[in-house]
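Participant: This one is upload.txt, compact mmCIF, N, CA and C atoms.
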```
# COMPACT_ATOMS: atom_id res chain seq x y z
N MET A 246 25.95 220.77 366.92
CA MET A 246 26.00 219.33 366.98
C MET A 246 26.47 218.93 368.38
N MET A 247 25.69 218.06 369.02
CA MET A 247 26.05 217.59 370.35
C MET A 247 26.85 216.30 370.22
N VAL A 248 27.98 216.26 370.93
CA VAL A 248 28.84 215.08 370.94
C VAL A 248 29.14 214.73 372.39
N LEU A 249 29.04 213.47 372.73
CA LEU A 249 29.43 212.99 374.03
C LEU A 249 30.84 212.44 373.89
N ILE A 250 31.75 212.91 374.73
CA ILE A 250 33.16 212.50 374.68
C ILE A 250 33.48 211.78 375.98
N SER A 251 34.01 210.58 375.86
CA SER A 251 34.48 209.87 377.06
C SER A 251 35.91 209.42 376.82
N TYR A 252 36.65 209.29 377.91
CA TYR A 252 38.04 208.88 377.78
C TYR A 252 38.44 207.99 378.94
N ASP A 253 39.43 207.18 378.70
CA ASP A 253 40.04 206.34 379.71
C ASP A 253 41.54 206.44 379.48
N VAL A 254 42.23 207.10 380.40
CA VAL A 254 43.66 207.31 380.26
C VAL A 254 44.37 206.53 381.36
N SER A 255 45.32 205.70 380.98
CA SER A 255 46.08 204.90 381.94
C SER A 255 46.94 205.82 382.80
N THR A 256 46.84 205.66 384.12
CA THR A 256 47.63 206.48 385.03
C THR A 256 48.62 205.62 385.83
N MET A 257 49.11 204.58 385.17
CA MET A 257 50.05 203.68 385.83
C MET A 257 51.44 204.30 386.00
N ASP A 258 51.71 205.39 385.26
CA ASP A 258 53.00 206.07 385.40
C ASP A 258 52.76 207.57 385.38
N SER A 259 53.79 208.34 385.63
CA SER A 259 53.64 209.80 385.69
C SER A 259 53.26 210.40 384.34
N ALA A 260 53.72 209.79 383.25
CA ALA A 260 53.36 210.28 381.92
C ALA A 260 51.85 210.14 381.70
N GLY A 261 51.27 209.05 382.19
CA GLY A 261 49.83 208.84 382.07
C GLY A 261 49.05 209.86 382.88
N LYS A 262 49.54 210.18 384.07
CA LYS A 262 48.87 211.19 384.90
C LYS A 262 48.91 212.55 384.20
N THR A 263 50.01 212.85 383.55
CA THR A 263 50.13 214.10 382.79
C THR A 263 49.16 214.10 381.61
N ARG A 264 49.08 212.99 380.89
CA ARG A 264 48.14 212.90 379.76
C ARG A 264 46.70 213.08 380.24
N LEU A 265 46.37 212.46 381.37
CA LEU A 265 45.02 212.57 381.92
C LEU A 265 44.67 214.02 382.21
N ARG A 266 45.57 214.74 382.85
CA ARG A 266 45.32 216.16 383.15
C ARG A 266 45.15 216.97 381.88
N LYS A 267 45.96 216.70 380.87
CA LYS A 267 45.87 217.45 379.62
C LYS A 267 44.57 217.14 378.86
N VAL A 268 44.17 215.88 378.84
CA VAL A 268 42.92 215.51 378.17
C VAL A 268 41.74 216.17 378.89
N ALA A 269 41.72 216.08 380.21
CA ALA A 269 40.63 216.69 380.98
C ALA A 269 40.58 218.20 380.77
N LYS A 270 41.73 218.85 380.77
CA LYS A 270 41.77 220.30 380.58
C LYS A 270 41.25 220.67 379.19
N GLU A 271 41.66 219.94 378.17
CA GLU A 271 41.22 220.22 376.81
C GLU A 271 39.69 220.06 376.71
N CYS A 272 39.18 219.01 377.32
CA CYS A 272 37.72 218.81 377.32
C CYS A 272 37.01 219.93 378.09
N ARG A 273 37.52 220.31 379.26
CA ARG A 273 36.90 221.40 380.03
C ARG A 273 36.88 222.70 379.26
N ASN A 274 37.87 222.93 378.42
CA ASN A 274 37.94 224.17 377.65
C ASN A 274 36.86 224.26 376.57
N HIS A 275 36.30 223.12 376.16
CA HIS A 275 35.37 223.12 375.03
C HIS A 275 34.05 222.42 375.30
N ALA A 276 33.91 221.81 376.46
CA ALA A 276 32.73 220.99 376.72
C ALA A 276 32.35 221.09 378.20
N GLN A 277 31.19 220.53 378.52
CA GLN A 277 30.69 220.52 379.89
C GLN A 277 30.89 219.13 380.47
N ARG A 278 31.56 219.06 381.62
CA ARG A 278 31.75 217.77 382.29
C ARG A 278 30.41 217.32 382.85
N VAL A 279 30.02 216.08 382.55
CA VAL A 279 28.78 215.54 383.08
C VAL A 279 29.05 214.35 384.01
N GLN A 280 30.20 213.72 383.89
CA GLN A 280 30.69 212.71 384.83
C GLN A 280 32.21 212.80 384.80
N ASN A 281 32.89 212.04 385.63
CA ASN A 281 34.34 212.21 385.78
C ASN A 281 35.10 212.22 384.45
N SER A 282 34.86 211.29 383.60
CA SER A 282 35.58 211.22 382.32
C SER A 282 34.64 211.32 381.13
N VAL A 283 33.54 212.04 381.33
CA VAL A 283 32.52 212.18 380.28
C VAL A 283 32.16 213.65 380.14
N PHE A 284 32.17 214.11 378.89
CA PHE A 284 31.86 215.51 378.59
C PHE A 284 30.83 215.59 377.48
N GLU A 285 29.97 216.62 377.54
CA GLU A 285 29.06 216.93 376.45
C GLU A 285 29.57 218.19 375.77
N ALA A 286 29.70 218.12 374.46
CA ALA A 286 30.19 219.27 373.69
C ALA A 286 29.14 219.65 372.65
N ASP A 287 28.66 220.88 372.72
CA ASP A 287 27.72 221.40 371.72
C ASP A 287 28.52 222.35 370.84
N LEU A 288 29.07 221.80 369.74
CA LEU A 288 30.00 222.54 368.89
C LEU A 288 29.58 222.45 367.43
N ASP A 289 30.03 223.42 366.65
CA ASP A 289 29.87 223.25 365.21
C ASP A 289 30.89 222.21 364.75
N TYR A 290 30.67 221.66 363.57
CA TYR A 290 31.47 220.53 363.10
C TYR A 290 32.96 220.86 363.02
N SER A 291 33.29 222.05 362.56
CA SER A 291 34.69 222.45 362.43
C SER A 291 35.37 222.51 363.80
N SER A 292 34.70 223.09 364.79
CA SER A 292 35.26 223.17 366.14
C SER A 292 35.43 221.79 366.75
N PHE A 293 34.46 220.91 366.49
CA PHE A 293 34.57 219.55 367.00
C PHE A 293 35.78 218.83 366.40
N LEU A 294 35.98 218.97 365.09
CA LEU A 294 37.12 218.31 364.45
C LEU A 294 38.45 218.79 365.04
N LYS A 295 38.54 220.07 365.35
CA LYS A 295 39.76 220.62 365.96
C LYS A 295 39.97 220.03 367.35
N LEU A 296 38.88 219.96 368.14
CA LEU A 296 38.98 219.38 369.47
C LEU A 296 39.37 217.90 369.38
N LYS A 297 38.73 217.17 368.51
CA LYS A 297 39.03 215.74 368.34
C LYS A 297 40.50 215.55 367.97
N ASP A 298 41.01 216.36 367.06
CA ASP A 298 42.41 216.26 366.66
C ASP A 298 43.34 216.51 367.85
N ARG A 299 43.04 217.53 368.65
CA ARG A 299 43.88 217.82 369.82
C ARG A 299 43.86 216.65 370.82
N LEU A 300 42.67 216.08 371.04
CA LEU A 300 42.57 214.96 371.99
C LEU A 300 43.31 213.73 371.48
N VAL A 301 43.17 213.43 370.20
CA VAL A 301 43.86 212.27 369.62
C VAL A 301 45.36 212.43 369.75
N ARG A 302 45.86 213.65 369.61
CA ARG A 302 47.30 213.89 369.73
C ARG A 302 47.80 213.77 371.17
N LEU A 303 46.90 213.97 372.15
CA LEU A 303 47.30 213.92 373.55
C LEU A 303 47.41 212.51 374.10
N ILE A 304 46.60 211.60 373.62
CA ILE A 304 46.58 210.27 374.21
C ILE A 304 47.67 209.37 373.64
N ASP A 305 47.91 208.28 374.36
CA ASP A 305 48.77 207.21 373.87
C ASP A 305 47.83 206.09 373.43
N PRO A 306 47.65 205.88 372.12
CA PRO A 306 46.67 204.90 371.66
C PRO A 306 46.97 203.46 372.07
N GLU A 307 48.17 203.20 372.55
CA GLU A 307 48.50 201.86 373.05
C GLU A 307 47.99 201.64 374.47
N LYS A 308 47.74 202.73 375.21
CA LYS A 308 47.35 202.63 376.62
C LYS A 308 46.01 203.29 376.93
N ASP A 309 45.60 204.26 376.14
CA ASP A 309 44.43 205.09 376.44
C ASP A 309 43.34 204.89 375.39
N SER A 310 42.16 205.40 375.68
CA SER A 310 41.10 205.35 374.67
C SER A 310 40.21 206.58 374.75
N LEU A 311 39.67 206.93 373.61
CA LEU A 311 38.69 208.02 373.46
C LEU A 311 37.46 207.43 372.79
N ARG A 312 36.28 207.91 373.19
CA ARG A 312 35.05 207.51 372.53
C ARG A 312 34.25 208.77 372.24
N PHE A 313 33.70 208.84 371.04
CA PHE A 313 32.88 209.97 370.62
C PHE A 313 31.50 209.44 370.22
N TYR A 314 30.47 209.97 370.85
CA TYR A 314 29.10 209.58 370.53
C TYR A 314 28.44 210.79 369.88
N TYR A 315 28.07 210.66 368.64
CA TYR A 315 27.51 211.77 367.88
C TYR A 315 26.00 211.80 368.07
N LEU A 316 25.52 212.79 368.82
CA LEU A 316 24.10 212.90 369.12
C LEU A 316 23.39 213.84 368.15
N GLY A 317 24.16 214.61 367.39
CA GLY A 317 23.58 215.47 366.37
C GLY A 317 22.90 216.71 366.91
N ASN A 318 22.06 217.31 366.06
CA ASN A 318 21.39 218.55 366.43
C ASN A 318 20.08 218.31 367.18
N ASP A 319 19.50 217.12 367.06
CA ASP A 319 18.26 216.79 367.74
C ASP A 319 18.56 216.01 369.02
N TRP A 320 19.56 216.46 369.74
CA TRP A 320 20.11 215.74 370.88
C TRP A 320 19.20 215.71 372.10
N LYS A 321 18.31 216.70 372.27
CA LYS A 321 17.49 216.76 373.49
C LYS A 321 16.60 215.53 373.64
N LYS A 322 16.22 214.92 372.53
CA LYS A 322 15.38 213.72 372.59
C LYS A 322 16.21 212.47 372.88
N LYS A 323 17.53 212.59 372.88
CA LYS A 323 18.41 211.42 373.02
C LYS A 323 19.10 211.36 374.38
N ILE A 324 18.86 212.35 375.24
CA ILE A 324 19.52 212.38 376.54
C ILE A 324 18.46 212.39 377.64
N GLU A 325 18.62 211.48 378.56
CA GLU A 325 17.76 211.44 379.74
C GLU A 325 18.66 211.44 380.96
N HIS A 326 18.39 212.32 381.90
CA HIS A 326 19.21 212.42 383.11
C HIS A 326 18.36 212.05 384.32
N ILE A 327 18.90 211.16 385.15
CA ILE A 327 18.26 210.77 386.40
C ILE A 327 19.34 210.76 387.46
N GLY A 328 19.09 211.38 388.58
CA GLY A 328 20.07 211.29 389.66
C GLY A 328 20.50 212.62 390.21
N ALA A 329 21.54 212.56 391.01
CA ALA A 329 21.94 213.67 391.87
C ALA A 329 22.54 214.86 391.15
N LYS A 330 23.40 214.63 390.20
CA LYS A 330 24.10 215.75 389.57
C LYS A 330 23.14 216.55 388.71
N GLN A 331 23.06 217.85 388.98
CA GLN A 331 22.14 218.70 388.25
C GLN A 331 22.51 218.78 386.78
N THR A 332 21.53 218.74 385.93
CA THR A 332 21.76 218.84 384.50
C THR A 332 21.86 220.31 384.09
N TYR A 333 22.18 220.56 382.87
CA TYR A 333 22.31 221.92 382.36
C TYR A 333 21.76 221.97 380.94
N ASP A 334 21.50 223.17 380.45
CA ASP A 334 21.04 223.36 379.08
C ASP A 334 22.11 224.16 378.34
N PRO A 335 22.88 223.51 377.44
CA PRO A 335 23.96 224.22 376.75
C PRO A 335 23.47 225.33 375.85
N GLU A 336 22.18 225.32 375.52
CA GLU A 336 21.62 226.37 374.69
C GLU A 336 20.91 227.43 375.53
N GLY A 337 20.93 227.27 376.85
CA GLY A 337 20.23 228.18 377.75
C GLY A 337 21.02 229.45 378.02
N VAL A 338 20.53 230.22 378.96
CA VAL A 338 21.13 231.50 379.34
C VAL A 338 22.37 231.23 380.18
N ILE A 339 23.44 231.97 379.89
CA ILE A 339 24.68 231.87 380.65
C ILE A 339 24.79 233.11 381.54
N ILE A 340 24.94 232.91 382.84
CA ILE A 340 25.09 234.01 383.79
C ILE A 340 26.52 233.99 384.30
N ILE A 341 27.19 235.12 384.13
CA ILE A 341 28.60 235.21 384.56
C ILE A 341 28.72 236.13 385.74
```
Take the structure from the file and write it as structure tokens.
Facilitator:
Amino acid sequence: MMVLISYDVSTMDSAGKTRLRKVAKECRNHAQRVQNSVFEADLDYSSFLKLKDRLVRLIDPEKDSLRFYYLGNDWKKKIEHIGAKQTYDPEGVIII
């Protein structure tokens, strides 16, 4: 299941900057960054729920926000990329 995750974390104080780093790190561990605060995650439902729970626990809901866009399994027909940043295929070959 493909999910688009976006976040907006207030960095008006040092606690906000810490939350921002933690949210970004958690997303990087489970998803591919496609823009500064936007990640694509191709996860099974159970893994997604665990990630969502961790992210919800990291933010301050009075100051920050998370958005989840559920693109499902037929996601390739729902994403169009135009522009400079090279796209990727999460189901493609991984070279390490």
Participant: Have a look at CA of Cys272 in chain A and CA of Leu316 in chain A and let me know their distance in Å, one decimal.
Facilitator: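 Interatomic distance here is 17.0 Å.
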Participant: In Å, with one decimal, what is the gap from CA of Arg264 in chain A to CA of Val301 in chain A?
Facilitator: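 For CA of Arg264 in chain A relative to CA of Val301 in chain A, the distance reads 11.0 Å.
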Participant: Could you pull out all residues of chain A with a DSSP call of helix (DSSP H, G or I) and give them as a PyMOL selection string?
Facilitator: chain A and resi 259-275+290-303+320-323
Participant: Identify the residues around (44.5, 208.6, 381.3) within a radius of 12 Å, measuring from only C-alpha atoms in the coordinates stated by the file, and give them as a PDB file with N, CA and C atoms, keeping the file's coordinate frame.
Facilitator:
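Ended up saving to result_28.pdb:
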```pdb
ATOM      1  N   SER A 251      34.010 210.580 375.860  1.00  0.00           N
ATOM      2  CA  SER A 251      34.480 209.870 377.060  1.00  0.00           C
ATOM      3  C   SER A 251      35.910 209.420 376.820  1.00  0.00           C
ATOM      4  N   TYR A 252      36.650 209.290 377.910  1.00  0.00           N
ATOM      5  CA  TYR A 252      38.040 208.880 377.780  1.00  0.00           C
ATOM      6  C   TYR A 252      38.440 207.990 378.940  1.00  0.00           C
ATOM      7  N   ASP A 253      39.430 207.180 378.700  1.00  0.00           N
ATOM      8  CA  ASP A 253      40.040 206.340 379.710  1.00  0.00           C
ATOM      9  C   ASP A 253      41.540 206.440 379.480  1.00  0.00           C
ATOM     10  N   VAL A 254      42.230 207.100 380.400  1.00  0.00           N
ATOM     11  CA  VAL A 254      43.660 207.310 380.260  1.00  0.00           C
ATOM     12  C   VAL A 254      44.370 206.530 381.360  1.00  0.00           C
ATOM     13  N   SER A 255      45.320 205.700 380.980  1.00  0.00           N
ATOM     14  CA  SER A 255      46.080 204.900 381.940  1.00  0.00           C
ATOM     15  C   SER A 255      46.940 205.820 382.800  1.00  0.00           C
ATOM     16  N   THR A 256      46.840 205.660 384.120  1.00  0.00           N
ATOM     17  CA  THR A 256      47.630 206.480 385.030  1.00  0.00           C
ATOM     18  C   THR A 256      48.620 205.620 385.830  1.00  0.00           C
ATOM     19  N   MET A 257      49.110 204.580 385.170  1.00  0.00           N
ATOM     20  CA  MET A 257      50.050 203.680 385.830  1.00  0.00           C
ATOM     21  C   MET A 257      51.440 204.300 386.000  1.00  0.00           C
ATOM     22  N   ASP A 258      51.710 205.390 385.260  1.00  0.00           N
ATOM     23  CA  ASP A 258      53.000 206.070 385.400  1.00  0.00           C
ATOM     24  C   ASP A 258      52.760 207.570 385.380  1.00  0.00           C
ATOM     25  N   SER A 259      53.790 208.340 385.630  1.00  0.00           N
ATOM     26  CA  SER A 259      53.640 209.800 385.690  1.00  0.00           C
ATOM     27  C   SER A 259      53.260 210.400 384.340  1.00  0.00           C
ATOM     28  N   ALA A 260      53.720 209.790 383.250  1.00  0.00           N
ATOM     29  CA  ALA A 260      53.360 210.280 381.920  1.00  0.00           C
ATOM     30  C   ALA A 260      51.850 210.140 381.700  1.00  0.00           C
ATOM     31  N   GLY A 261      51.270 209.050 382.190  1.00  0.00           N
ATOM     32  CA  GLY A 261      49.830 208.840 382.070  1.00  0.00           C
ATOM     33  C   GLY A 261      49.050 209.860 382.880  1.00  0.00           C
ATOM     34  N   LYS A 262      49.540 210.180 384.070  1.00  0.00           N
ATOM     35  CA  LYS A 262      48.870 211.190 384.900  1.00  0.00           C
ATOM     36  C   LYS A 262      48.910 212.550 384.200  1.00  0.00           C
ATOM     37  N   THR A 263      50.010 212.850 383.550  1.00  0.00           N
ATOM     38  CA  THR A 263      50.130 214.100 382.790  1.00  0.00           C
ATOM     39  C   THR A 263      49.160 214.100 381.610  1.00  0.00           C
ATOM     40  N   ARG A 264      49.080 212.990 380.890  1.00  0.00           N
ATOM     41  CA  ARG A 264      48.140 212.900 379.760  1.00  0.00           C
ATOM     42  C   ARG A 264      46.700 213.080 380.240  1.00  0.00           C
ATOM     43  N   LEU A 265      46.370 212.460 381.370  1.00  0.00           N
ATOM     44  CA  LEU A 265      45.020 212.570 381.920  1.00  0.00           C
ATOM     45  C   LEU A 265      44.670 214.020 382.210  1.00  0.00           C
ATOM     46  N   ARG A 266      45.570 214.740 382.850  1.00  0.00           N
ATOM     47  CA  ARG A 266      45.320 216.160 383.150  1.00  0.00           C
ATOM     48  C   ARG A 266      45.150 216.970 381.880  1.00  0.00           C
ATOM     49  N   LYS A 267      45.960 216.700 380.870  1.00  0.00           N
ATOM     50  CA  LYS A 267      45.870 217.450 379.620  1.00  0.00           C
ATOM     51  C   LYS A 267      44.570 217.140 378.860  1.00  0.00           C
ATOM     52  N   VAL A 268      44.170 215.880 378.840  1.00  0.00           N
ATOM     53  CA  VAL A 268      42.920 215.510 378.170  1.00  0.00           C
ATOM     54  C   VAL A 268      41.740 216.170 378.890  1.00  0.00           C
ATOM     55  N   ALA A 269      41.720 216.080 380.210  1.00  0.00           N
ATOM     56  CA  ALA A 269      40.630 216.690 380.980  1.00  0.00           C
ATOM     57  C   ALA A 269      40.580 218.200 380.770  1.00  0.00           C
ATOM     58  N   ASN A 281      32.890 212.040 385.630  1.00  0.00           N
ATOM     59  CA  ASN A 281      34.340 212.210 385.780  1.00  0.00           C
ATOM     60  C   ASN A 281      35.100 212.220 384.450  1.00  0.00           C
ATOM     61  N   SER A 282      34.860 211.290 383.600  1.00  0.00           N
ATOM     62  CA  SER A 282      35.580 211.220 382.320  1.00  0.00           C
ATOM     63  C   SER A 282      34.640 211.320 381.130  1.00  0.00           C
ATOM     64  N   LEU A 300      42.670 216.080 371.040  1.00  0.00           N
ATOM     65  CA  LEU A 300      42.570 214.960 371.990  1.00  0.00           C
ATOM     66  C   LEU A 300      43.310 213.730 371.480  1.00  0.00           C
ATOM     67  N   LEU A 303      46.900 213.970 372.150  1.00  0.00           N
ATOM     68  CA  LEU A 303      47.300 213.920 373.550  1.00  0.00           C
ATOM     69  C   LEU A 303      47.410 212.510 374.100  1.00  0.00           C
ATOM     70  N   ILE A 304      46.600 211.600 373.620  1.00  0.00           N
ATOM     71  CA  ILE A 304      46.580 210.270 374.210  1.00  0.00           C
ATOM     72  C   ILE A 304      47.670 209.370 373.640  1.00  0.00           C
ATOM     73  N   ASP A 305      47.910 208.280 374.360  1.00  0.00           N
ATOM     74  CA  ASP A 305      48.770 207.210 373.870  1.00  0.00           C
ATOM     75  C   ASP A 305      47.830 206.090 373.430  1.00  0.00           C
ATOM     76  N   PRO A 306      47.650 205.880 372.120  1.00  0.00           N
ATOM     77  CA  PRO A 306      46.670 204.900 371.660  1.00  0.00           C
ATOM     78  C   PRO A 306      46.970 203.460 372.070  1.00  0.00           C
ATOM     79  N   GLU A 307      48.170 203.200 372.550  1.00  0.00           N
ATOM     80  CA  GLU A 307      48.500 201.860 373.050  1.00  0.00           C
ATOM     81  C   GLU A 307      47.990 201.640 374.470  1.00  0.00           C
ATOM     82  N   LYS A 308      47.740 202.730 375.210  1.00  0.00           N
ATOM     83  CA  LYS A 308      47.350 202.630 376.620  1.00  0.00           C
ATOM     84  C   LYS A 308      46.010 203.290 376.930  1.00  0.00           C
ATOM     85  N   ASP A 309      45.600 204.260 376.140  1.00  0.00           N
ATOM     86  CA  ASP A 309      44.430 205.090 376.440  1.00  0.00           C
ATOM     87  C   ASP A 309      43.340 204.890 375.390  1.00  0.00           C
ATOM     88  N   SER A 310      42.160 205.400 375.680  1.00  0.00           N
ATOM     89  CA  SER A 310      41.100 205.350 374.670  1.00  0.00           C
ATOM     90  C   SER A 310      40.210 206.580 374.750  1.00  0.00           C
ATOM     91  N   LEU A 311      39.670 206.930 373.610  1.00  0.00           N
ATOM     92  CA  LEU A 311      38.690 208.020 373.460  1.00  0.00           C
ATOM     93  C   LEU A 311      37.460 207.430 372.790  1.00  0.00           C
TER      94      LEU A 311
END
```
Participant: Please, what distance in Å, to one decimal, runs between atom C of Lys323 in chain A and CA of Arg299 in chain A?
Facilitator: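 Interatomic distance here is 26.0 Å.
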Participant: Could you pull out all residues of chain A with a DSSP call of strand (DSSP E) and give them as a PDB file with N, CA and C atoms, keeping the file's coordinate frame?
Facilitator:
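And here's part18.pdb as it stands now:
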```pdb
ATOM      1  N   MET A 247      25.690 218.060 369.020  1.00  0.00           N
ATOM      2  CA  MET A 247      26.050 217.590 370.350  1.00  0.00           C
ATOM      3  C   MET A 247      26.850 216.300 370.220  1.00  0.00           C
ATOM      4  N   VAL A 248      27.980 216.260 370.930  1.00  0.00           N
ATOM      5  CA  VAL A 248      28.840 215.080 370.940  1.00  0.00           C
ATOM      6  C   VAL A 248      29.140 214.730 372.390  1.00  0.00           C
ATOM      7  N   LEU A 249      29.040 213.470 372.730  1.00  0.00           N
ATOM      8  CA  LEU A 249      29.430 212.990 374.030  1.00  0.00           C
ATOM      9  C   LEU A 249      30.840 212.440 373.890  1.00  0.00           C
ATOM     10  N   ILE A 250      31.750 212.910 374.730  1.00  0.00           N
ATOM     11  CA  ILE A 250      33.160 212.500 374.680  1.00  0.00           C
ATOM     12  C   ILE A 250      33.480 211.780 375.980  1.00  0.00           C
ATOM     13  N   SER A 251      34.010 210.580 375.860  1.00  0.00           N
ATOM     14  CA  SER A 251      34.480 209.870 377.060  1.00  0.00           C
ATOM     15  C   SER A 251      35.910 209.420 376.820  1.00  0.00           C
ATOM     16  N   TYR A 252      36.650 209.290 377.910  1.00  0.00           N
ATOM     17  CA  TYR A 252      38.040 208.880 377.780  1.00  0.00           C
ATOM     18  C   TYR A 252      38.440 207.990 378.940  1.00  0.00           C
ATOM     19  N   ASP A 253      39.430 207.180 378.700  1.00  0.00           N
ATOM     20  CA  ASP A 253      40.040 206.340 379.710  1.00  0.00           C
ATOM     21  C   ASP A 253      41.540 206.440 379.480  1.00  0.00           C
ATOM     22  N   GLN A 277      31.190 220.530 378.520  1.00  0.00           N
ATOM     23  CA  GLN A 277      30.690 220.520 379.890  1.00  0.00           C
ATOM     24  C   GLN A 277      30.890 219.130 380.470  1.00  0.00           C
ATOM     25  N   ARG A 278      31.560 219.060 381.620  1.00  0.00           N
ATOM     26  CA  ARG A 278      31.750 217.770 382.290  1.00  0.00           C
ATOM     27  C   ARG A 278      30.410 217.320 382.850  1.00  0.00           C
ATOM     28  N   VAL A 279      30.020 216.080 382.550  1.00  0.00           N
ATOM     29  CA  VAL A 279      28.780 215.540 383.080  1.00  0.00           C
ATOM     30  C   VAL A 279      29.050 214.350 384.010  1.00  0.00           C
ATOM     31  N   GLN A 280      30.200 213.720 383.890  1.00  0.00           N
ATOM     32  CA  GLN A 280      30.690 212.710 384.830  1.00  0.00           C
ATOM     33  C   GLN A 280      32.210 212.800 384.800  1.00  0.00           C
ATOM     34  N   VAL A 283      33.540 212.040 381.330  1.00  0.00           N
ATOM     35  CA  VAL A 283      32.520 212.180 380.280  1.00  0.00           C
ATOM     36  C   VAL A 283      32.160 213.650 380.140  1.00  0.00           C
ATOM     37  N   PHE A 284      32.170 214.110 378.890  1.00  0.00           N
ATOM     38  CA  PHE A 284      31.860 215.510 378.590  1.00  0.00           C
ATOM     39  C   PHE A 284      30.830 215.590 377.480  1.00  0.00           C
ATOM     40  N   GLU A 285      29.970 216.620 377.540  1.00  0.00           N
ATOM     41  CA  GLU A 285      29.060 216.930 376.450  1.00  0.00           C
ATOM     42  C   GLU A 285      29.570 218.190 375.770  1.00  0.00           C
ATOM     43  N   ALA A 286      29.700 218.120 374.460  1.00  0.00           N
ATOM     44  CA  ALA A 286      30.190 219.270 373.690  1.00  0.00           C
ATOM     45  C   ALA A 286      29.140 219.650 372.650  1.00  0.00           C
ATOM     46  N   ASP A 287      28.660 220.880 372.720  1.00  0.00           N
ATOM     47  CA  ASP A 287      27.720 221.400 371.720  1.00  0.00           C
ATOM     48  C   ASP A 287      28.520 222.350 370.840  1.00  0.00           C
ATOM     49  N   SER A 310      42.160 205.400 375.680  1.00  0.00           N
ATOM     50  CA  SER A 310      41.100 205.350 374.670  1.00  0.00           C
ATOM     51  C   SER A 310      40.210 206.580 374.750  1.00  0.00           C
ATOM     52  N   LEU A 311      39.670 206.930 373.610  1.00  0.00           N
ATOM     53  CA  LEU A 311      38.690 208.020 373.460  1.00  0.00           C
ATOM     54  C   LEU A 311      37.460 207.430 372.790  1.00  0.00           C
ATOM     55  N   ARG A 312      36.280 207.910 373.190  1.00  0.00           N
ATOM     56  CA  ARG A 312      35.050 207.510 372.530  1.00  0.00           C
ATOM     57  C   ARG A 312      34.250 208.770 372.240  1.00  0.00           C
ATOM     58  N   PHE A 313      33.700 208.840 371.040  1.00  0.00           N
ATOM     59  CA  PHE A 313      32.880 209.970 370.620  1.00  0.00           C
ATOM     60  C   PHE A 313      31.500 209.440 370.220  1.00  0.00           C
ATOM     61  N   TYR A 314      30.470 209.970 370.850  1.00  0.00           N
ATOM     62  CA  TYR A 314      29.100 209.580 370.530  1.00  0.00           C
ATOM     63  C   TYR A 314      28.440 210.790 369.880  1.00  0.00           C
ATOM     64  N   TYR A 315      28.070 210.660 368.640  1.00  0.00           N
ATOM     65  CA  TYR A 315      27.510 211.770 367.880  1.00  0.00           C
ATOM     66  C   TYR A 315      26.000 211.800 368.070  1.00  0.00           C
ATOM     67  N   LEU A 316      25.520 212.790 368.820  1.00  0.00           N
ATOM     68  CA  LEU A 316      24.100 212.900 369.120  1.00  0.00           C
ATOM     69  C   LEU A 316      23.390 213.840 368.150  1.00  0.00           C
ATOM     70  N   GLY A 317      24.160 214.610 367.390  1.00  0.00           N
ATOM     71  CA  GLY A 317      23.580 215.470 366.370  1.00  0.00           C
ATOM     72  C   GLY A 317      22.900 216.710 366.910  1.00  0.00           C
TER      73      GLY A 317
END
```
